[in-house]
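The next block holds one structure in the form of C-alpha cells; read it before the comments.
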Amino acid sequence: MAKPKFDVGDEVRVRNQTSLFHTRTQKYTRGHVGVVSEHRPEWVIPEDEAFGRVEDGRKEPFYVVRFKQTELWPDYTGFERDTLESEFSERWLEPARKEK
Amino acid sequence: MSGSHRHDGHDGHDGHDGHPTFPVASQVSEFEILELAVRELAIEKGIFSAEDHRRFAEWADGVGPHGGSKLVAKAWNDPGFKRRLLENGTEACKEVGIDWLKPTGTGTPSDYTFFYVLENTPQVHNVIVCTLCSCYPRPVLGMSPDWYRTPSYRRRMVRRPREVLAEFGLHLPPEVEVRVHDSNQKSRFMVMAMRPEGTEGWSDEQLEQIVTRDTMIGVALPKAGRTSDEDVQAKAAWR
C-alpha cells in the first residue's frame with residue numbers, strides 16, 4: 001500500500017494531461033485547484049481497469065477533492081460558499097503551488 | 001434520440017407510399033440497439049447466459065429505494081447505527097439486509113466499491129450526480145429516475161446546482177452550502193437529510209415513509225406527512 005502523497009487539507013491542482021485512453025477525470029475539473037477533503041483506499045486506476053486489467057492494473061491512492069464552485073466556474077450563479085466534490089487517482093493531481 | 005420520427009423523409013407521414021418505413025426501429029434508441037448488440041455478443045462468447053441476464057434484470061428491476069429509506073430512518077432513531085453507517089456504509093447496509101456483493105458475488109461491476117452516506121447539516125446540503133454516465137447506488141435506491149440520467153441534469157447540476165434545485169421546488173438559503181458530489185469513480189453516494197420537525201417519537205416504519213427517493217438524491221427534503229405514495233395533486237396543464 002503506497003503512502004498517499006497528499007494529506008487532507010492540501011491544496012492540489014488537477015492535471016490537464018492526455019485522455020487518449022479511458023479516464024474518469026472530468027474535463028471541467030482539469031487545471032482547477034481544490035483541497036483534499038478525504039483519502040480513499042487505493043485501487044486500480046480506470047486507465048487500466050477499462051482494459052480489463054483488474055488483477056495486474058496499476059493501483060494508486062485516490063482522493064476526494066473539494067472545489068469551490070466559484071473556482072470551477074467563473075460565471076457561477078450560486079454563492080461563494082458552494083462546493084463540489086469529486087475523486088481522483090494520484091496521477092491526476094499535483095501540488096497547487098510549485099515547490100520551491 | 002428517443003424521438004418517434006426519423007428525419008429522413010420516411011417517417012410514415014410524408015405520404016410517399018402510405019406505409020411507415022421504420023415502424024418499429026423508430027421507437028428504439030441507438031443506445032438500446034448498442035446494448036442489445038453487446039449483450040448478444042457477450043452471450044455468444046459465453047461471458048454470461050441469456051438466463052443469467054434475465055435473472056439479473058429481474059433483480060435490478062425489483063430493487064426500489066426502500067433499502068435507502070430504511071437506512072435513513074434507522075439512523076435517525078439509533079445514534080449507534082448512524083455512526084456505523086457514516087463510518088462504513090457498505091458494511092452497515094448488511095444490518096438492514098442489503099449486501100452490495102449480491103447478486104453476482106463481485107458486486108455489479110459498475111456499482112460496487114464503496115458506499116458513502118452524506119449527512120446533511122444545518123450548514124451543508126448534499127446532492128448527487130454523475131456527470132460521466134449515470135452512477136447511482138442501485139442496491140439501496142434501485143434504478144435511477146430517468147431525469148437523473150439525462151445530460152441536462154448531469155451537466156447543469158454541477159454547474160448551476162441552485163437553479164436546478166429550484167426547478168425541483170427546493171430553495172436553499174444563502175447561508176447553506178450546496179455541496180454537489182460528482183460520482184466519477186467507484187464510490188456511490190446517498191444523501192441523509194436532517195430529520196424533519198414533527199417526527200418526534202416516530203417509529204422506523206413511520207419515518208421510512210417520508211424518506212423518498214428524491215430526498216436521498218438530494219433534490220428534495222423530507223417533510224412530516226409527505227410520502228412518495230400519497231396521491232399527487234395534479235392540475236390540468238391546459239383547458
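Simple scheme: letters A, B, ... for chains in C-alpha cells order, numbers from 1 for residues in each chain, numbers from 1 for ligands in the order shown.
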
* **Interface residues on chain B facing chain A, 8 Å, only C-alpha atoms, written as a ChimeraX atom specification** => /B:132,158-162,174,176-185

Go ahead and dump the residues you just picked, all heavy atoms, as a CSV table (one decimal), in the first residue's frame.
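out-v6.csv was written with the following content:
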```csv
chain,number,residue,atom,x,y,z
B,132,LEU,N,-20.4,11.7,-15.7
B,132,LEU,CA,-19.7,10.8,-16.8
B,132,LEU,C,-20.7,9.8,-17.4
B,132,LEU,O,-20.6,9.5,-18.5
B,132,LEU,CB,-18.5,10.1,-16.2
B,132,LEU,CG,-17.4,11.1,-15.7
B,132,LEU,CD1,-16.2,10.3,-15.1
B,132,LEU,CD2,-16.9,11.9,-16.9
B,158,VAL,N,-23.9,20.1,-11.9
B,158,VAL,CA,-22.5,20.5,-11.4
B,158,VAL,C,-22.3,22.0,-11.6
B,158,VAL,O,-21.5,22.6,-10.9
B,158,VAL,CB,-21.4,19.8,-12.1
B,158,VAL,CG1,-21.4,18.3,-11.7
B,158,VAL,CG2,-21.5,19.8,-13.6
B,159,ARG,N,-23.0,22.6,-12.5
B,159,ARG,CA,-22.6,24.0,-12.9
B,159,ARG,C,-23.6,25.0,-12.3
B,159,ARG,O,-23.2,26.1,-11.9
B,159,ARG,CB,-22.7,24.1,-14.4
B,159,ARG,CG,-22.0,25.2,-15.0
B,159,ARG,CD,-22.1,25.3,-16.5
B,159,ARG,NE,-21.5,26.5,-16.9
B,159,ARG,CZ,-20.5,26.6,-17.7
B,159,ARG,NH1,-19.9,25.5,-18.1
B,159,ARG,NH2,-20.0,27.8,-18.0
B,160,ARG,N,-24.8,24.7,-12.2
B,160,ARG,CA,-25.8,25.6,-11.7
B,160,ARG,C,-26.8,24.9,-10.7
B,160,ARG,O,-28.0,24.8,-10.9
B,160,ARG,CB,-26.7,26.2,-12.8
B,160,ARG,CG,-25.8,27.0,-13.8
B,160,ARG,CD,-26.7,27.6,-15.0
B,160,ARG,NE,-25.9,28.4,-15.8
B,160,ARG,CZ,-25.8,29.7,-15.8
B,160,ARG,NH1,-26.5,30.4,-14.9
B,160,ARG,NH2,-25.0,30.4,-16.6
B,161,PRO,N,-26.2,24.3,-9.6
B,161,PRO,CA,-27.0,23.5,-8.8
B,161,PRO,C,-28.2,24.2,-8.1
B,161,PRO,O,-29.3,23.6,-8.0
B,161,PRO,CB,-26.0,23.0,-7.7
B,161,PRO,CG,-24.9,24.0,-7.8
B,161,PRO,CD,-24.8,24.4,-9.2
B,162,ARG,N,-28.0,25.4,-7.7
B,162,ARG,CA,-29.1,26.1,-7.1
B,162,ARG,C,-30.3,26.3,-8.0
B,162,ARG,O,-31.5,26.2,-7.6
B,162,ARG,CB,-28.7,27.4,-6.5
B,162,ARG,CG,-27.8,27.2,-5.2
B,162,ARG,CD,-27.6,28.5,-4.5
B,162,ARG,NE,-26.6,28.3,-3.4
B,162,ARG,CZ,-27.0,28.2,-2.1
B,162,ARG,NH1,-28.2,28.4,-1.8
B,162,ARG,NH2,-26.0,28.1,-1.2
B,174,PRO,N,-29.0,31.3,1.3
B,174,PRO,CA,-27.6,31.6,1.0
B,174,PRO,C,-26.6,31.1,2.1
B,174,PRO,O,-25.5,30.8,1.8
B,174,PRO,CB,-27.5,33.1,0.9
B,174,PRO,CG,-28.9,33.6,0.9
B,174,PRO,CD,-29.8,32.5,1.4
B,176,VAL,N,-26.7,28.3,3.6
B,176,VAL,CA,-26.5,26.9,3.5
B,176,VAL,C,-25.5,26.6,2.3
B,176,VAL,O,-25.8,27.1,1.2
B,176,VAL,CB,-27.8,26.1,3.3
B,176,VAL,CG1,-27.5,24.6,3.0
B,176,VAL,CG2,-28.7,26.2,4.5
B,177,GLU,N,-24.5,25.8,2.5
B,177,GLU,CA,-23.5,25.5,1.5
B,177,GLU,C,-24.1,24.3,0.6
B,177,GLU,O,-24.5,23.3,1.2
B,177,GLU,CB,-22.2,25.0,2.1
B,177,GLU,CG,-21.2,24.4,1.1
B,177,GLU,CD,-20.0,23.8,1.8
B,177,GLU,OE1,-19.6,24.3,2.9
B,177,GLU,OE2,-19.4,22.8,1.3
B,178,VAL,N,-24.3,24.5,-0.7
B,178,VAL,CA,-24.7,23.4,-1.5
B,178,VAL,C,-23.5,22.7,-2.0
B,178,VAL,O,-22.5,23.3,-2.5
B,178,VAL,CB,-25.5,24.0,-2.8
B,178,VAL,CG1,-25.7,22.8,-3.7
B,178,VAL,CG2,-26.8,24.6,-2.3
B,179,ARG,N,-23.4,21.4,-1.6
B,179,ARG,CA,-22.3,20.6,-2.0
B,179,ARG,C,-22.7,19.5,-3.0
B,179,ARG,O,-23.4,18.6,-2.6
B,179,ARG,CB,-21.6,20.0,-0.7
B,179,ARG,CG,-20.3,19.3,-1.0
B,179,ARG,CD,-19.7,18.8,0.3
B,179,ARG,NE,-19.3,19.9,1.2
B,179,ARG,CZ,-19.0,19.7,2.5
B,179,ARG,NH1,-19.1,18.5,3.0
B,179,ARG,NH2,-18.6,20.8,3.2
B,180,VAL,N,-22.2,19.6,-4.2
B,180,VAL,CA,-22.5,18.6,-5.2
B,180,VAL,C,-21.5,17.5,-5.2
B,180,VAL,O,-20.3,17.8,-5.1
B,180,VAL,CB,-22.5,19.3,-6.6
B,180,VAL,CG1,-22.8,18.3,-7.7
B,180,VAL,CG2,-23.5,20.5,-6.7
B,181,HIS,N,-21.9,16.3,-5.3
B,181,HIS,CA,-21.0,15.2,-5.3
B,181,HIS,C,-21.1,14.5,-6.7
B,181,HIS,O,-22.1,13.9,-7.0
B,181,HIS,CB,-21.3,14.1,-4.2
B,181,HIS,CG,-21.2,14.7,-2.9
B,181,HIS,ND1,-20.1,14.5,-2.0
B,181,HIS,CD2,-22.0,15.5,-2.2
B,181,HIS,CE1,-20.3,15.1,-0.9
B,181,HIS,NE2,-21.5,15.8,-1.0
B,182,ASP,N,-20.0,14.6,-7.5
B,182,ASP,CA,-20.0,14.0,-8.8
B,182,ASP,C,-19.4,12.6,-8.7
B,182,ASP,O,-18.2,12.4,-8.3
B,182,ASP,CB,-19.1,14.9,-9.7
B,182,ASP,CG,-19.2,14.4,-11.2
B,182,ASP,OD1,-19.8,13.4,-11.4
B,182,ASP,OD2,-18.8,15.2,-12.1
B,183,SER,N,-20.2,11.6,-8.9
B,183,SER,CA,-19.8,10.2,-8.7
B,183,SER,C,-18.9,9.7,-9.8
B,183,SER,O,-19.4,8.9,-10.6
B,183,SER,CB,-21.0,9.3,-8.5
B,183,SER,OG,-22.0,9.9,-7.9
B,184,ASN,N,-17.7,10.2,-9.9
B,184,ASN,CA,-16.9,9.9,-11.2
B,184,ASN,C,-16.1,8.7,-11.0
B,184,ASN,O,-15.6,8.2,-12.0
B,184,ASN,CB,-16.0,11.1,-11.5
B,184,ASN,CG,-15.0,11.4,-10.4
B,184,ASN,OD1,-15.3,11.3,-9.2
B,184,ASN,ND2,-13.8,11.8,-10.8
B,185,GLN,N,-15.9,8.2,-9.8
B,185,GLN,CA,-15.1,7.0,-9.7
B,185,GLN,C,-15.9,5.8,-9.2
B,185,GLN,O,-17.0,5.6,-9.7
B,185,GLN,CB,-13.9,7.2,-8.8
B,185,GLN,CG,-13.0,8.4,-9.2
B,185,GLN,CD,-12.0,8.0,-10.4
B,185,GLN,OE1,-12.0,6.9,-10.8
B,185,GLN,NE2,-11.3,9.0,-10.9
```

* What's the 8 Å shell around B:Val191, counting only C-alpha atoms, without same-chain residues fewer than 2 positions away, as a ChimeraX atom specification? -> /B:117-120,126-128,189,193,215-218

Write to file, as a PDB file, in the first residue's frame, the residues of the selection just made, with C-alpha atoms.
```pdb
ATOM      1  CA  VAL B 117     -23.790   8.250   3.179  1.00  0.00           C
ATOM      2  CA  LEU B 118     -23.637  12.040   3.021  1.00  0.00           C
ATOM      3  CA  GLU B 119     -25.128  13.645   6.083  1.00  0.00           C
ATOM      4  CA  ASN B 120     -26.853  16.980   5.678  1.00  0.00           C
ATOM      5  CA  ASN B 126     -25.577  17.463  -0.279  1.00  0.00           C
ATOM      6  CA  VAL B 127     -26.793  16.425  -3.698  1.00  0.00           C
ATOM      7  CA  ILE B 128     -25.562  13.645  -6.003  1.00  0.00           C
ATOM      8  CA  PHE B 189     -23.412   8.101  -2.530  1.00  0.00           C
ATOM      9  CA  ALA B 193     -31.347  14.528   5.135  1.00  0.00           C
ATOM     10  CA  THR B 215     -34.648  13.154  -0.632  1.00  0.00           C
ATOM     11  CA  MET B 216     -31.831  10.589  -0.905  1.00  0.00           C
ATOM     12  CA  ILE B 217     -30.603  12.076  -4.179  1.00  0.00           C
ATOM     13  CA  GLY B 218     -30.747  15.486  -2.538  1.00  0.00           C
TER      14      GLY B 218
END
```

* Counting only C-alpha atoms, what is within 12 Å of B:Lys94, bar same-chain residues fewer than 3 positions away, as a PyMOL selection string? -> chain B and resi 67-68+70-71+81+84-85+88-91+97-102+115+139-140

* Surrounding residues of B:His53 excluding itself and chain neighbours under 6 positions, 10 Å, only C-alpha atoms, as a VMD selection string -> chain B and resid 39 43 59

* To do: Identify all residues of stretch 6-223 of chain B in helix (DSSP H, G or I) (DSSP on the backbone) and supply them as an NGL selection string.
  => :B and (25-27 or 30-44 or 50-62 or 66-77 or 79-87 or 89-96 or 138-141 or 146-149 or 151-159 or 161-167 or 204-210 or 213-217)

Quick one: everything within 8 Å of stretch 166-173 of chain B, counting only C-alpha atoms, minus sequence neighbours fewer than 4 positions away in the same chain. Send it as an mmCIF file with all heavy atoms, in the first residue's frame.
```
data_model
loop_
_atom_site.group_PDB
_atom_site.id
_atom_site.type_symbol
_atom_site.label_atom_id
_atom_site.label_comp_id
_atom_site.auth_asym_id
_atom_site.auth_seq_id
_atom_site.Cartn_x
_atom_site.Cartn_y
_atom_site.Cartn_z
ATOM 1 N N ARG B 162 -28.016 25.408 -7.730
ATOM 2 C CA ARG B 162 -29.134 26.078 -7.058
ATOM 3 C C ARG B 162 -30.320 26.289 -8.003
ATOM 4 O O ARG B 162 -31.470 26.202 -7.600
ATOM 5 C CB ARG B 162 -28.688 27.406 -6.451
ATOM 6 C CG ARG B 162 -27.842 27.218 -5.201
ATOM 7 C CD ARG B 162 -27.558 28.515 -4.506
ATOM 8 N NE ARG B 162 -26.618 28.325 -3.426
ATOM 9 C CZ ARG B 162 -26.963 28.244 -2.129
ATOM 10 N NH1 ARG B 162 -28.221 28.355 -1.764
ATOM 11 N NH2 ARG B 162 -26.043 28.077 -1.206
ATOM 12 N N VAL B 219 -32.499 16.236 -4.074
ATOM 13 C CA VAL B 219 -33.254 17.275 -4.778
ATOM 14 C C VAL B 219 -34.538 17.641 -4.034
ATOM 15 O O VAL B 219 -35.340 18.439 -4.525
ATOM 16 C CB VAL B 219 -33.586 16.874 -6.235
ATOM 17 C CG1 VAL B 219 -32.300 16.685 -7.043
ATOM 18 C CG2 VAL B 219 -34.443 15.621 -6.285
ATOM 19 N N ALA B 220 -34.741 17.036 -2.869
ATOM 20 C CA ALA B 220 -35.928 17.334 -2.065
ATOM 21 C C ALA B 220 -35.580 17.131 -0.602
ATOM 22 O O ALA B 220 -34.553 16.508 -0.283
ATOM 23 C CB ALA B 220 -37.090 16.412 -2.452
ATOM 24 N N LEU B 221 -36.418 17.666 0.272
ATOM 25 C CA LEU B 221 -36.235 17.465 1.708
ATOM 26 C C LEU B 221 -37.450 16.729 2.255
ATOM 27 O O LEU B 221 -38.580 16.988 1.832
ATOM 28 C CB LEU B 221 -36.089 18.812 2.424
ATOM 29 C CG LEU B 221 -34.830 19.627 2.097
ATOM 30 C CD1 LEU B 221 -34.860 20.954 2.825
ATOM 31 C CD2 LEU B 221 -33.566 18.849 2.444
#
```

* Would you mind listing what lies within 8 Å of A:His32 as JSON, numbers by chain, with only C-alpha atoms counted and same-chain residues fewer than 5 positions away left out? => {"A": [13, 14, 71, 72]}

Export of prior selection with all heavy atoms as an mmCIF file, in the first residue's frame:
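And here is the file that came out, again.cif:
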```cif
data_model
loop_
_atom_site.group_PDB
_atom_site.id
_atom_site.type_symbol
_atom_site.label_atom_id
_atom_site.label_comp_id
_atom_site.auth_asym_id
_atom_site.auth_seq_id
_atom_site.Cartn_x
_atom_site.Cartn_y
_atom_site.Cartn_z
ATOM 1 N N ARG A 13 -3.865 20.679 -7.583
ATOM 2 C CA ARG A 13 -4.379 21.088 -8.884
ATOM 3 C C ARG A 13 -4.591 19.838 -9.726
ATOM 4 O O ARG A 13 -3.763 18.922 -9.704
ATOM 5 C CB ARG A 13 -3.376 22.014 -9.584
ATOM 6 C CG ARG A 13 -3.889 22.569 -10.916
ATOM 7 C CD ARG A 13 -2.840 23.414 -11.623
ATOM 8 N NE ARG A 13 -2.440 24.588 -10.863
ATOM 9 C CZ ARG A 13 -3.108 25.751 -10.850
ATOM 10 N NH1 ARG A 13 -4.201 25.891 -11.576
ATOM 11 N NH2 ARG A 13 -2.678 26.764 -10.130
ATOM 12 N N VAL A 14 -5.704 19.756 -10.422
ATOM 13 C CA VAL A 14 -5.956 18.610 -11.301
ATOM 14 C C VAL A 14 -5.136 18.810 -12.568
ATOM 15 O O VAL A 14 -5.188 19.869 -13.192
ATOM 16 C CB VAL A 14 -7.456 18.492 -11.645
ATOM 17 C CG1 VAL A 14 -7.715 17.280 -12.529
ATOM 18 C CG2 VAL A 14 -8.289 18.406 -10.369
ATOM 19 N N GLU A 71 -14.410 28.652 -8.113
ATOM 20 C CA GLU A 71 -13.115 28.339 -8.724
ATOM 21 C C GLU A 71 -13.340 27.545 -10.015
ATOM 22 O O GLU A 71 -12.637 27.726 -11.006
ATOM 23 C CB GLU A 71 -12.259 27.576 -7.708
ATOM 24 C CG GLU A 71 -11.199 26.636 -8.251
ATOM 25 C CD GLU A 71 -10.083 27.318 -9.047
ATOM 26 O OE1 GLU A 71 -9.794 28.508 -8.790
ATOM 27 O OE2 GLU A 71 -9.513 26.664 -9.924
ATOM 28 N N LEU A 72 -14.347 26.680 -10.033
ATOM 29 C CA LEU A 72 -14.607 25.859 -11.224
ATOM 30 C C LEU A 72 -15.245 26.665 -12.353
ATOM 31 O O LEU A 72 -14.968 26.450 -13.523
ATOM 32 C CB LEU A 72 -15.534 24.687 -10.881
ATOM 33 C CG LEU A 72 -14.977 23.543 -10.045
ATOM 34 C CD1 LEU A 72 -16.084 22.531 -9.756
ATOM 35 C CD2 LEU A 72 -13.817 22.859 -10.769
#
```

* **Residue set, stretch 8-224 of chain B restricted to strand (DSSP E or B), as a PyMOL selection string** => chain B and resi 114-119+124-129+177-182+187-192
